[in-house]
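Shown next: model-v6.cif, containing mmCIF, C-alpha atoms.
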```
data_query
#
loop_
_atom_site.label_atom_id
_atom_site.label_comp_id
_atom_site.auth_asym_id
_atom_site.auth_seq_id
_atom_site.Cartn_x
_atom_site.Cartn_y
_atom_site.Cartn_z
CA MET A 1 84.15 110.43 87.72
CA GLN A 2 82.47 113.00 89.94
CA GLN A 3 82.39 110.81 93.06
CA LEU A 4 86.14 110.29 92.83
CA LYS A 5 86.87 114.00 92.43
CA GLU A 6 84.79 114.73 95.52
CA ARG A 7 86.64 112.04 97.44
CA ILE A 8 90.02 113.45 96.38
CA LEU A 9 88.93 116.93 97.48
CA SER A 10 87.62 115.72 100.85
CA ASP A 11 90.32 113.16 101.71
CA GLY A 12 93.39 113.96 99.60
CA LEU A 13 96.40 115.57 101.22
CA VAL A 14 98.58 117.77 99.04
CA LYS A 15 102.29 118.03 99.78
CA GLY A 16 104.12 120.68 97.82
CA ASP A 17 103.15 121.07 94.19
CA ASP A 18 103.31 117.46 93.09
CA ILE A 19 102.57 114.94 95.85
CA LEU A 20 98.97 113.89 96.47
CA LYS A 21 98.28 111.41 99.25
CA VAL A 22 95.08 109.42 99.03
CA ASP A 23 96.17 106.93 101.66
CA ASN A 24 92.79 106.58 103.28
CA PHE A 25 91.00 104.95 100.35
CA LEU A 26 93.52 103.94 97.66
CA ASN A 27 97.17 103.65 98.71
CA HIS A 28 97.38 102.34 102.25
CA GLN A 29 93.86 101.93 103.53
CA LEU A 30 91.48 100.58 100.90
CA ASP A 31 87.82 101.56 100.72
CA VAL A 32 86.69 98.40 99.02
CA ASP A 33 83.11 99.49 98.36
CA PHE A 34 84.44 102.63 96.67
CA LEU A 35 86.96 100.57 94.68
CA ASN A 36 83.95 98.68 93.33
CA GLU A 37 82.55 101.95 91.98
CA ILE A 38 85.91 102.56 90.32
CA GLY A 39 86.03 99.01 88.93
CA GLN A 40 82.55 99.39 87.44
CA GLU A 41 83.60 102.64 85.79
CA PHE A 42 86.54 100.90 84.10
CA TRP A 43 84.18 98.12 83.03
CA SER A 44 81.76 100.65 81.51
CA TYR A 45 84.51 102.16 79.43
CA PHE A 46 86.44 99.04 78.37
CA GLN A 47 83.70 96.39 78.31
CA ASP A 48 83.61 96.13 74.50
CA LYS A 49 87.36 95.76 74.05
CA GLY A 50 87.53 91.99 74.44
CA VAL A 51 89.87 92.18 77.44
CA THR A 52 91.32 88.77 78.34
CA ARG A 53 93.74 89.82 81.06
CA ILE A 54 94.35 92.78 83.37
CA LEU A 55 97.94 93.77 84.06
CA THR A 56 99.04 95.92 86.99
CA ILE A 57 102.09 96.44 89.15
CA GLU A 58 102.65 95.76 92.81
CA ALA A 59 101.76 97.00 95.32
CA SER A 60 99.08 99.67 95.20
CA GLY A 61 97.76 98.73 91.76
CA ILE A 62 96.78 95.26 92.96
CA ALA A 63 93.63 96.10 94.89
CA VAL A 64 92.00 98.26 92.24
CA ALA A 65 92.94 95.77 89.50
CA ALA A 66 91.57 92.79 91.46
CA ILE A 67 88.31 94.54 92.29
CA ALA A 68 87.89 95.75 88.69
CA ALA A 69 88.64 92.27 87.32
CA GLN A 70 85.48 90.98 88.97
CA TYR A 71 83.45 92.88 86.37
CA PHE A 72 85.57 91.62 83.48
CA HIS A 73 85.81 88.02 84.77
CA VAL A 74 89.41 87.78 83.61
CA PRO A 75 92.61 87.03 85.56
CA VAL A 76 94.83 89.78 86.93
CA VAL A 77 98.59 89.56 86.58
CA PHE A 78 100.67 91.84 88.73
CA ALA A 79 104.21 92.67 87.68
CA LYS A 80 106.71 92.13 90.47
CA LYS A 81 109.14 94.84 91.39
CA VAL A 82 111.87 93.02 93.22
CA GLU A 83 114.02 89.99 92.78
CA SER A 84 112.27 87.11 94.52
CA ARG A 85 113.58 83.60 94.89
CA ASN A 86 110.10 82.23 94.20
CA LEU A 87 109.60 84.01 90.89
CA ASP A 88 109.58 81.98 87.71
CA GLU A 89 112.89 82.05 85.85
CA GLU A 90 111.11 82.53 82.53
CA VAL A 91 110.16 86.17 82.78
CA TYR A 92 109.70 89.30 80.72
CA VAL A 93 111.67 92.17 82.24
CA SER A 94 111.48 95.93 81.85
CA LYS A 95 113.21 98.74 83.69
CA VAL A 96 111.22 101.52 85.37
CA TYR A 97 112.39 104.76 86.94
CA SER A 98 110.42 105.89 89.98
CA PHE A 99 110.41 109.63 90.61
CA THR A 100 108.72 109.10 93.97
CA LYS A 101 111.52 106.86 95.18
CA ASP A 102 114.23 108.37 92.98
CA ARG A 103 115.60 105.07 91.77
CA SER A 104 115.26 102.56 88.96
CA TYR A 105 113.87 99.11 89.47
CA GLU A 106 113.03 96.12 87.32
CA ILE A 107 109.53 94.81 86.81
CA LYS A 108 108.97 91.21 85.86
CA VAL A 109 106.10 89.12 84.52
CA SER A 110 106.25 85.37 84.06
CA LYS A 111 105.99 84.28 80.43
CA ARG A 112 103.30 81.82 81.50
CA TYR A 113 100.82 84.59 82.17
CA LEU A 114 100.95 86.66 78.98
CA GLN A 115 100.20 85.05 75.63
CA PRO A 116 100.31 86.54 72.11
CA SER A 117 96.53 86.02 71.94
CA ASP A 118 95.94 88.17 75.05
CA ARG A 119 94.13 91.49 74.90
CA VAL A 120 95.51 93.27 77.92
CA LEU A 121 94.08 96.13 79.94
CA ILE A 122 96.56 97.93 82.19
CA ILE A 123 95.07 99.22 85.45
CA ASP A 124 96.99 101.38 87.91
CA ASP A 125 96.24 103.75 90.75
CA PHE A 126 98.33 106.74 89.60
CA LEU A 127 99.70 108.05 86.34
CA ALA A 128 102.38 110.72 86.66
CA LYS A 129 105.36 110.58 84.32
CA GLY A 130 104.11 107.26 83.02
CA LYS A 131 107.22 105.18 83.55
CA ALA A 132 105.38 102.26 85.20
CA VAL A 133 102.76 102.06 82.46
CA LEU A 134 105.48 102.31 79.78
CA GLY A 135 107.28 99.41 81.47
CA LEU A 136 104.07 97.34 81.42
CA LYS A 137 103.48 98.32 77.78
CA ASP A 138 107.01 97.14 76.97
CA ILE A 139 106.31 93.79 78.63
CA ILE A 140 103.02 93.38 76.72
CA GLU A 141 104.90 94.04 73.47
CA GLN A 142 107.63 91.54 74.40
CA ALA A 143 104.86 88.96 74.85
CA GLY A 144 103.39 89.81 71.45
CA ALA A 145 100.07 90.54 73.17
CA THR A 146 97.72 93.44 72.39
CA LEU A 147 97.42 96.44 74.70
CA VAL A 148 93.79 97.56 74.61
CA GLY A 149 94.16 100.53 76.96
CA ALA A 150 95.05 101.83 80.39
CA GLY A 151 92.55 102.50 83.17
CA ILE A 152 94.01 104.98 85.64
CA VAL A 153 92.39 106.14 88.86
CA ILE A 154 94.22 109.47 89.22
CA GLU A 155 96.26 111.14 86.50
CA LYS A 156 98.57 114.02 87.28
CA GLY A 157 97.81 115.96 84.12
CA PHE A 158 100.61 118.44 84.83
CA GLN A 159 103.18 115.69 84.38
CA GLN A 160 103.91 114.11 81.00
CA GLY A 161 102.81 110.50 81.33
CA GLY A 162 99.28 110.78 79.96
CA GLN A 163 100.38 112.94 77.05
CA ALA A 164 103.21 110.56 76.12
CA LEU A 165 101.00 107.47 76.29
CA ARG A 166 98.18 109.05 74.27
CA ALA A 167 100.75 110.21 71.68
CA ALA A 168 101.91 106.59 71.47
CA GLY A 169 98.34 105.57 70.63
CA VAL A 170 97.37 104.15 74.03
CA ASP A 171 93.70 104.56 75.00
CA VAL A 172 94.21 106.08 78.45
CA TYR A 173 91.05 106.42 80.53
CA SER A 174 91.72 108.36 83.73
CA LEU A 175 88.88 108.74 86.22
CA ALA A 176 90.24 112.01 87.58
CA ILE A 177 92.82 114.27 85.95
CA ILE A 178 94.50 116.85 88.13
CA GLU A 179 95.52 119.95 86.22
CA ARG A 180 97.58 121.37 89.05
CA MET A 181 98.10 121.51 92.78
CA LYS A 182 98.99 124.77 94.48
CA ASP A 183 98.99 125.91 98.12
CA GLY A 184 97.29 122.71 99.18
CA LYS A 185 94.51 123.15 96.58
CA ILE A 186 93.66 120.67 93.86
CA ILE A 187 92.43 121.88 90.46
CA PHE A 188 90.97 119.28 88.12
CA ALA A 189 91.31 119.45 84.34
CA MET B 1 88.52 74.06 101.94
CA GLN B 2 88.30 71.17 99.50
CA GLN B 3 88.23 73.34 96.36
CA LEU B 4 91.48 75.03 97.43
CA LYS B 5 93.24 71.74 98.14
CA GLU B 6 92.28 70.50 94.68
CA ARG B 7 93.55 73.71 93.13
CA ILE B 8 96.85 73.42 94.99
CA LEU B 9 97.24 69.82 93.82
CA SER B 10 96.43 70.66 90.19
CA ASP B 11 98.27 73.98 89.87
CA GLY B 12 100.87 74.14 92.65
CA LEU B 13 104.53 73.65 91.84
CA VAL B 14 106.72 72.19 94.56
CA LYS B 15 110.39 73.15 94.68
CA GLY B 16 112.46 71.14 97.11
CA ASP B 17 110.86 70.33 100.45
CA ASP B 18 109.59 73.76 101.40
CA ILE B 19 108.74 76.01 98.45
CA LEU B 20 105.25 75.88 97.00
CA LYS B 21 104.48 78.11 94.03
CA VAL B 22 100.84 78.96 93.43
CA ASP B 23 101.64 81.75 91.02
CA ASN B 24 98.80 81.06 88.66
CA PHE B 25 95.95 81.93 91.03
CA LEU B 26 97.33 83.59 94.19
CA ASN B 27 100.83 85.07 94.00
CA HIS B 28 101.43 86.50 90.55
CA GLN B 29 98.36 85.81 88.47
CA LEU B 30 95.12 86.24 90.43
CA ASP B 31 92.03 84.13 89.80
CA VAL B 32 89.58 86.70 91.07
CA ASP B 33 86.48 84.48 90.94
CA PHE B 34 88.32 81.88 93.01
CA LEU B 35 89.53 84.55 95.43
CA ASN B 36 85.86 85.34 95.99
CA GLU B 37 85.30 81.75 97.12
CA ILE B 38 88.19 82.18 99.52
CA GLY B 39 86.85 85.50 100.76
CA GLN B 40 83.44 83.99 101.44
CA GLU B 41 85.07 81.18 103.39
CA PHE B 42 86.83 83.70 105.66
CA TRP B 43 83.51 85.55 106.06
CA SER B 44 81.74 82.32 107.06
CA TYR B 45 84.28 81.69 109.79
CA PHE B 46 84.82 85.21 111.14
CA GLN B 47 81.43 86.83 110.46
CA ASP B 48 80.40 86.91 114.14
CA LYS B 49 83.64 88.44 115.42
CA GLY B 50 82.67 92.09 114.92
CA VAL B 51 85.56 92.76 112.56
CA THR B 52 86.01 96.50 111.89
CA ARG B 53 89.20 96.37 109.83
CA ILE B 54 91.23 93.86 107.83
CA LEU B 55 95.01 94.11 108.03
CA THR B 56 97.38 92.54 105.52
CA ILE B 57 100.86 93.09 104.15
CA GLU B 58 102.01 94.04 100.69
CA ALA B 59 102.15 92.69 98.09
CA SER B 60 100.52 89.28 97.69
CA GLY B 61 98.20 89.65 100.70
CA ILE B 62 96.47 92.65 99.17
CA ALA B 63 94.27 90.93 96.59
CA VAL B 64 92.86 88.26 98.89
CA ALA B 65 92.30 90.81 101.67
CA ALA B 66 90.55 93.27 99.33
CA ILE B 67 88.30 90.60 97.85
CA ALA B 68 87.46 89.19 101.30
CA ALA B 69 86.73 92.68 102.67
CA GLN B 70 83.80 92.95 100.29
CA TYR B 71 81.94 90.40 102.42
CA PHE B 72 82.80 92.16 105.70
CA HIS B 73 82.19 95.70 104.35
CA VAL B 74 85.16 97.03 106.28
CA PRO B 75 88.30 98.82 105.08
CA VAL B 76 91.54 96.99 104.38
CA VAL B 77 94.84 98.39 105.57
CA PHE B 78 97.98 96.97 104.03
CA ALA B 79 101.25 97.28 105.92
CA LYS B 80 104.01 98.70 103.75
CA LYS B 81 107.34 96.96 103.54
CA VAL B 82 109.67 99.62 102.29
CA GLU B 83 110.55 103.18 103.08
CA SER B 84 108.43 105.40 100.88
CA ARG B 85 108.58 109.15 100.67
CA ASN B 86 104.79 109.31 100.52
CA LEU B 87 104.14 107.32 103.69
CA ASP B 88 102.73 109.10 106.70
CA GLU B 89 105.38 110.03 109.26
CA GLU B 90 103.16 108.87 112.10
CA VAL B 91 103.51 105.14 111.79
CA TYR B 92 103.62 101.95 113.82
CA VAL B 93 106.70 99.94 112.90
CA SER B 94 107.64 96.29 113.38
CA LYS B 95 110.56 94.27 112.10
CA VAL B 96 110.00 91.07 110.11
CA TYR B 97 112.48 88.45 108.96
CA SER B 98 111.72 86.85 105.60
CA PHE B 99 113.05 83.33 105.12
CA THR B 100 112.09 83.45 101.44
CA LYS B 101 114.23 86.49 100.84
CA ASP B 102 116.70 85.84 103.65
CA ARG B 103 116.61 89.38 105.01
CA SER B 104 114.86 91.52 107.58
CA TYR B 105 112.60 94.37 106.64
CA GLU B 106 110.38 96.84 108.42
CA ILE B 107 106.63 96.92 108.06
CA LYS B 108 104.73 100.11 108.73
CA VAL B 109 101.13 101.11 109.29
CA SER B 110 99.96 104.69 109.62
CA LYS B 111 98.53 105.50 113.05
CA ARG B 112 95.52 107.03 111.31
CA TYR B 113 94.28 103.62 110.19
CA LEU B 114 94.34 101.59 113.39
CA GLN B 115 92.38 102.74 116.43
CA PRO B 116 92.13 101.24 119.93
CA SER B 117 88.45 100.52 119.21
CA ASP B 118 89.32 98.42 116.14
CA ARG B 119 88.68 94.68 115.98
CA VAL B 120 91.23 93.56 113.43
CA LEU B 121 91.28 90.47 111.24
CA ILE B 122 94.65 89.64 109.69
CA ILE B 123 94.45 88.08 106.24
CA ASP B 124 97.45 86.74 104.36
CA ASP B 125 98.19 84.36 101.53
CA PHE B 126 100.79 82.16 103.24
CA LEU B 127 101.73 81.23 106.79
CA ALA B 128 105.11 79.57 107.17
CA LYS B 129 107.26 80.56 110.13
CA GLY B 130 104.76 83.26 110.99
CA LYS B 131 107.08 86.25 111.10
CA ALA B 132 104.85 88.47 108.95
CA VAL B 133 101.73 87.73 111.02
CA LEU B 134 103.69 88.27 114.24
CA GLY B 135 104.80 91.64 112.92
CA LEU B 136 101.19 92.57 112.14
CA LYS B 137 100.12 91.35 115.59
CA ASP B 138 102.80 93.54 117.14
CA ILE B 139 101.47 96.56 115.25
CA ILE B 140 97.87 95.82 116.32
CA GLU B 141 99.07 95.67 119.94
CA GLN B 142 100.98 98.93 119.59
CA ALA B 143 97.73 100.51 118.41
CA GLY B 144 95.86 99.09 121.41
CA ALA B 145 93.44 97.41 119.00
CA THR B 146 92.02 93.89 119.31
CA LEU B 147 93.25 91.05 117.11
CA VAL B 148 90.25 88.81 116.42
CA GLY B 149 92.07 86.22 114.34
CA ALA B 150 94.10 85.40 111.26
CA GLY B 151 92.65 84.08 108.01
CA ILE B 152 95.34 82.30 106.02
CA VAL B 153 94.97 80.80 102.57
CA ILE B 154 97.80 78.25 102.77
CA GLU B 155 99.57 77.22 105.96
CA LYS B 156 102.80 75.26 105.84
CA GLY B 157 102.01 73.05 108.82
CA PHE B 158 105.54 71.64 108.85
CA GLN B 159 106.92 75.04 109.78
CA GLN B 160 106.31 76.63 113.16
CA GLY B 161 104.21 79.73 112.46
CA GLY B 162 100.75 78.28 113.00
CA GLN B 163 101.78 76.47 116.16
CA ALA B 164 103.41 79.60 117.61
CA LEU B 165 100.42 81.81 116.81
CA ARG B 166 97.87 79.35 118.21
CA ALA B 167 100.01 78.97 121.36
CA ALA B 168 99.86 82.77 121.67
CA GLY B 169 96.07 82.55 121.64
CA VAL B 170 95.51 83.71 118.05
CA ASP B 171 92.48 82.20 116.29
CA VAL B 172 94.23 81.03 113.11
CA TYR B 173 91.91 79.79 110.37
CA SER B 174 93.89 78.28 107.49
CA LEU B 175 91.97 77.12 104.43
CA ALA B 176 94.59 74.50 103.55
CA ILE B 177 97.30 73.13 105.82
CA ILE B 178 100.18 71.32 104.19
CA GLU B 179 101.68 68.64 106.39
CA ARG B 180 104.67 68.07 104.19
CA MET B 181 106.05 68.23 100.68
CA LYS B 182 108.27 65.51 99.33
CA ASP B 183 109.49 64.57 95.85
CA GLY B 184 107.15 67.11 94.29
CA LYS B 185 104.14 65.69 96.19
CA ILE B 186 101.93 67.65 98.57
CA ILE B 187 100.42 65.98 101.64
CA PHE B 188 97.69 67.88 103.50
CA ALA B 189 97.20 67.69 107.26
#
```

Target format structure tokens, applied to this file:
Amino acid sequence: MQQLKERILSDGLVKGDDILKVDNFLNHQLDVDFLNEIGQEFWSYFQDKGVTRILTIEASGIAVAAIAAQYFHVPVVFAKKVESRNLDEEVYVSKVYSFTKDRSYEIKVSKRYLQPSDRVLIIDDFLAKGKAVLGLKDIIEQAGATLVGAGIVIEKGFQQGGQALRAAGVDVYSLAIIERMKDGKIIFA
Amino acid sequence: MQQLKERILSDGLVKGDDILKVDNFLNHQLDVDFLNEIGQEFWSYFQDKGVTRILTIEASGIAVAAIAAQYFHVPVVFAKKVESRNLDEEVYVSKVYSFTKDRSYEIKVSKRYLQPSDRVLIIDDFLAKGKAVLGLKDIIEQAGATLVGAGIVIEKGFQQGGQALRAAGVDVYSLAIIERMKDGKIIFA
């Protein structure tokens, strides 16, 4: 998606060789009109897949998933990361390791909101080593639902997540794939 | 908002005298078409206030804020709750006590995304004792920006948040105010 690549080049901040900050439109501040362009792009690609539910993970996946869901007219479910007293007891659980935060955490989805008949599209802001998406895939499989694909805003192509997911047969559609980052420069695949 | 009250009555689960779960459209699963109705309602009320930015708090405030922002055509900024390696060092910080989770946490907003010229609308899913909104208000004041009001989906009128905020001069617009909950029943104000 050309518009996204231009936005990453103009607004992205590179830290070292592996951290890209896009805080001003995707991860802290949200450019909602631009997120609509992104949502439409996911719709264009996945519109014929019979999606019945979109699954994402809190927190920064929520906005892009909610905006995209408007084109699909399906509910969004966001997996919760932390123990919460208000969360349903009947949950699917998977464990995810975060390289950014250097710790493991559990993600949970209530059994009420994933049915075996569901055709689920995963949407997330970033794909790096793919642990979050693998955790969501695990939960979809626990529910007996069908994973139709993963819509990713920015994929770090130099990490192994995209490769692993595609090898596992997941239809990963990333709107921008970064081949590498070096000396503050971003090179797209 | 009559439609919201009906939805709370049909889908809300009451636990004890103070916990209301609306997980199937607002807090875990998101009914995006319905969130658009909510967003339009906030727009109707605050449209003349010259809002330049919407401020919310992760995680469950993000969806309703992002959907509502489409009517205002302004960016959303969501305050982050946890220490994250990727967060800007230059941040406003406030401390918030969560009764749901029975612990204090810090919320942070990058100084890049709140300017003294900003007219900020706070949007959040729930208002109970008001600690989260007070933390956001504190951050807006640190930035020297103007708080134009708070759009709340569900206010627990039997707790003190709404009263405290209105006494402090905040224009709080809650789409549904619950007077009390008893024996699984919900009584609106």

In Å, rounded to a single decimal, give me how far atom CA of Arg166 of chain B is from atom CA of Asp31 of chain B.
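That distance, rounded to one decimal, is 29.4 Å.
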
Would you translate the PyMOL selection byres ((chain B and resi 126) around 12) into the concrete set of residues it matches in this file, as a VMD selection string?
chain B and resid 19 to 22 26 to 27 56 to 57 59 to 61 64 100 122 to 125 127 to 133 150 to 157 159 161 to 162 172 to 178

Could the residues of chain A that have an atom at most 7 Å from chain B be listed as JSON lines, each with its closest atom pair and the distance in Å to one decimal, counting only C-alpha atoms and ordered by chain and ascending residue number?
```
{"residue": "A:Lys21", "atom": "CA", "partner": "B:Asn86", "partner_atom": "CA", "distance": 7.0}
{"residue": "A:His28", "atom": "CA", "partner": "B:Phe78", "partner_atom": "CA", "distance": 5.7}
{"residue": "A:Gln29", "atom": "CA", "partner": "B:Val77", "partner_atom": "CA", "distance": 4.2}
{"residue": "A:Leu30", "atom": "CA", "partner": "B:Val76", "partner_atom": "CA", "distance": 5.0}
{"residue": "A:Asp31", "atom": "CA", "partner": "B:Pro75", "partner_atom": "CA", "distance": 5.2}
{"residue": "A:Val32", "atom": "CA", "partner": "B:Pro75", "partner_atom": "CA", "distance": 6.3}
{"residue": "A:Asp33", "atom": "CA", "partner": "B:Gln70", "partner_atom": "CA", "distance": 6.9}
{"residue": "A:Glu58", "atom": "CA", "partner": "B:Ala59", "partner_atom": "CA", "distance": 6.1}
{"residue": "A:Ala59", "atom": "CA", "partner": "B:Ala59", "partner_atom": "CA", "distance": 5.1}
{"residue": "A:Ile62", "atom": "CA", "partner": "B:Ala63", "partner_atom": "CA", "distance": 6.2}
{"residue": "A:Ala63", "atom": "CA", "partner": "B:Ala63", "partner_atom": "CA", "distance": 5.5}
{"residue": "A:Ala66", "atom": "CA", "partner": "B:Ala63", "partner_atom": "CA", "distance": 6.1}
{"residue": "A:Ile67", "atom": "CA", "partner": "B:Ile67", "partner_atom": "CA", "distance": 6.8}
{"residue": "A:Ala69", "atom": "CA", "partner": "B:Val32", "partner_atom": "CA", "distance": 6.8}
{"residue": "A:Gln70", "atom": "CA", "partner": "B:Val32", "partner_atom": "CA", "distance": 6.3}
{"residue": "A:Pro75", "atom": "CA", "partner": "B:Asp31", "partner_atom": "CA", "distance": 5.2}
{"residue": "A:Val76", "atom": "CA", "partner": "B:Leu30", "partner_atom": "CA", "distance": 5.0}
{"residue": "A:Val77", "atom": "CA", "partner": "B:Gln29", "partner_atom": "CA", "distance": 4.2}
{"residue": "A:Phe78", "atom": "CA", "partner": "B:His28", "partner_atom": "CA", "distance": 5.7}
{"residue": "A:Ser84", "atom": "CA", "partner": "B:Lys101", "partner_atom": "CA", "distance": 6.6}
{"residue": "A:Arg85", "atom": "CA", "partner": "B:Lys101", "partner_atom": "CA", "distance": 6.6}
{"residue": "A:Asn86", "atom": "CA", "partner": "B:Lys21", "partner_atom": "CA", "distance": 7.0}
{"residue": "A:Thr100", "atom": "CA", "partner": "B:Arg85", "partner_atom": "CA", "distance": 6.7}
{"residue": "A:Lys101", "atom": "CA", "partner": "B:Arg85", "partner_atom": "CA", "distance": 6.6}
{"residue": "A:Tyr113", "atom": "CA", "partner": "B:Gln29", "partner_atom": "CA", "distance": 6.9}
```

Closest of A:Ile38, A:Leu136, A:Val120, A:Leu165 to Ser94 of chain A, counting all atoms listed in the file, is A:Leu136

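Between atom CA of Lys49 of chain A and atom CA of Ala167 of chain A the separation is 19.8 Å.
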
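Coordinates place atom CA of Gln2 of chain A at a distance of 15.0 Å from atom CA of Ser44 of chain A.
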
Quick one: axis-aligned box around all listed atoms of segment 48-57 of chain B, 6 Å on every side, centre and edge lengths in Å to one decimal, written as AutoDock Vina command-line options.
```
--center_x 90.6 --center_y 91.7 --center_z 109.8 --size_x 32.5 --size_y 21.6 --size_z 23.3
```
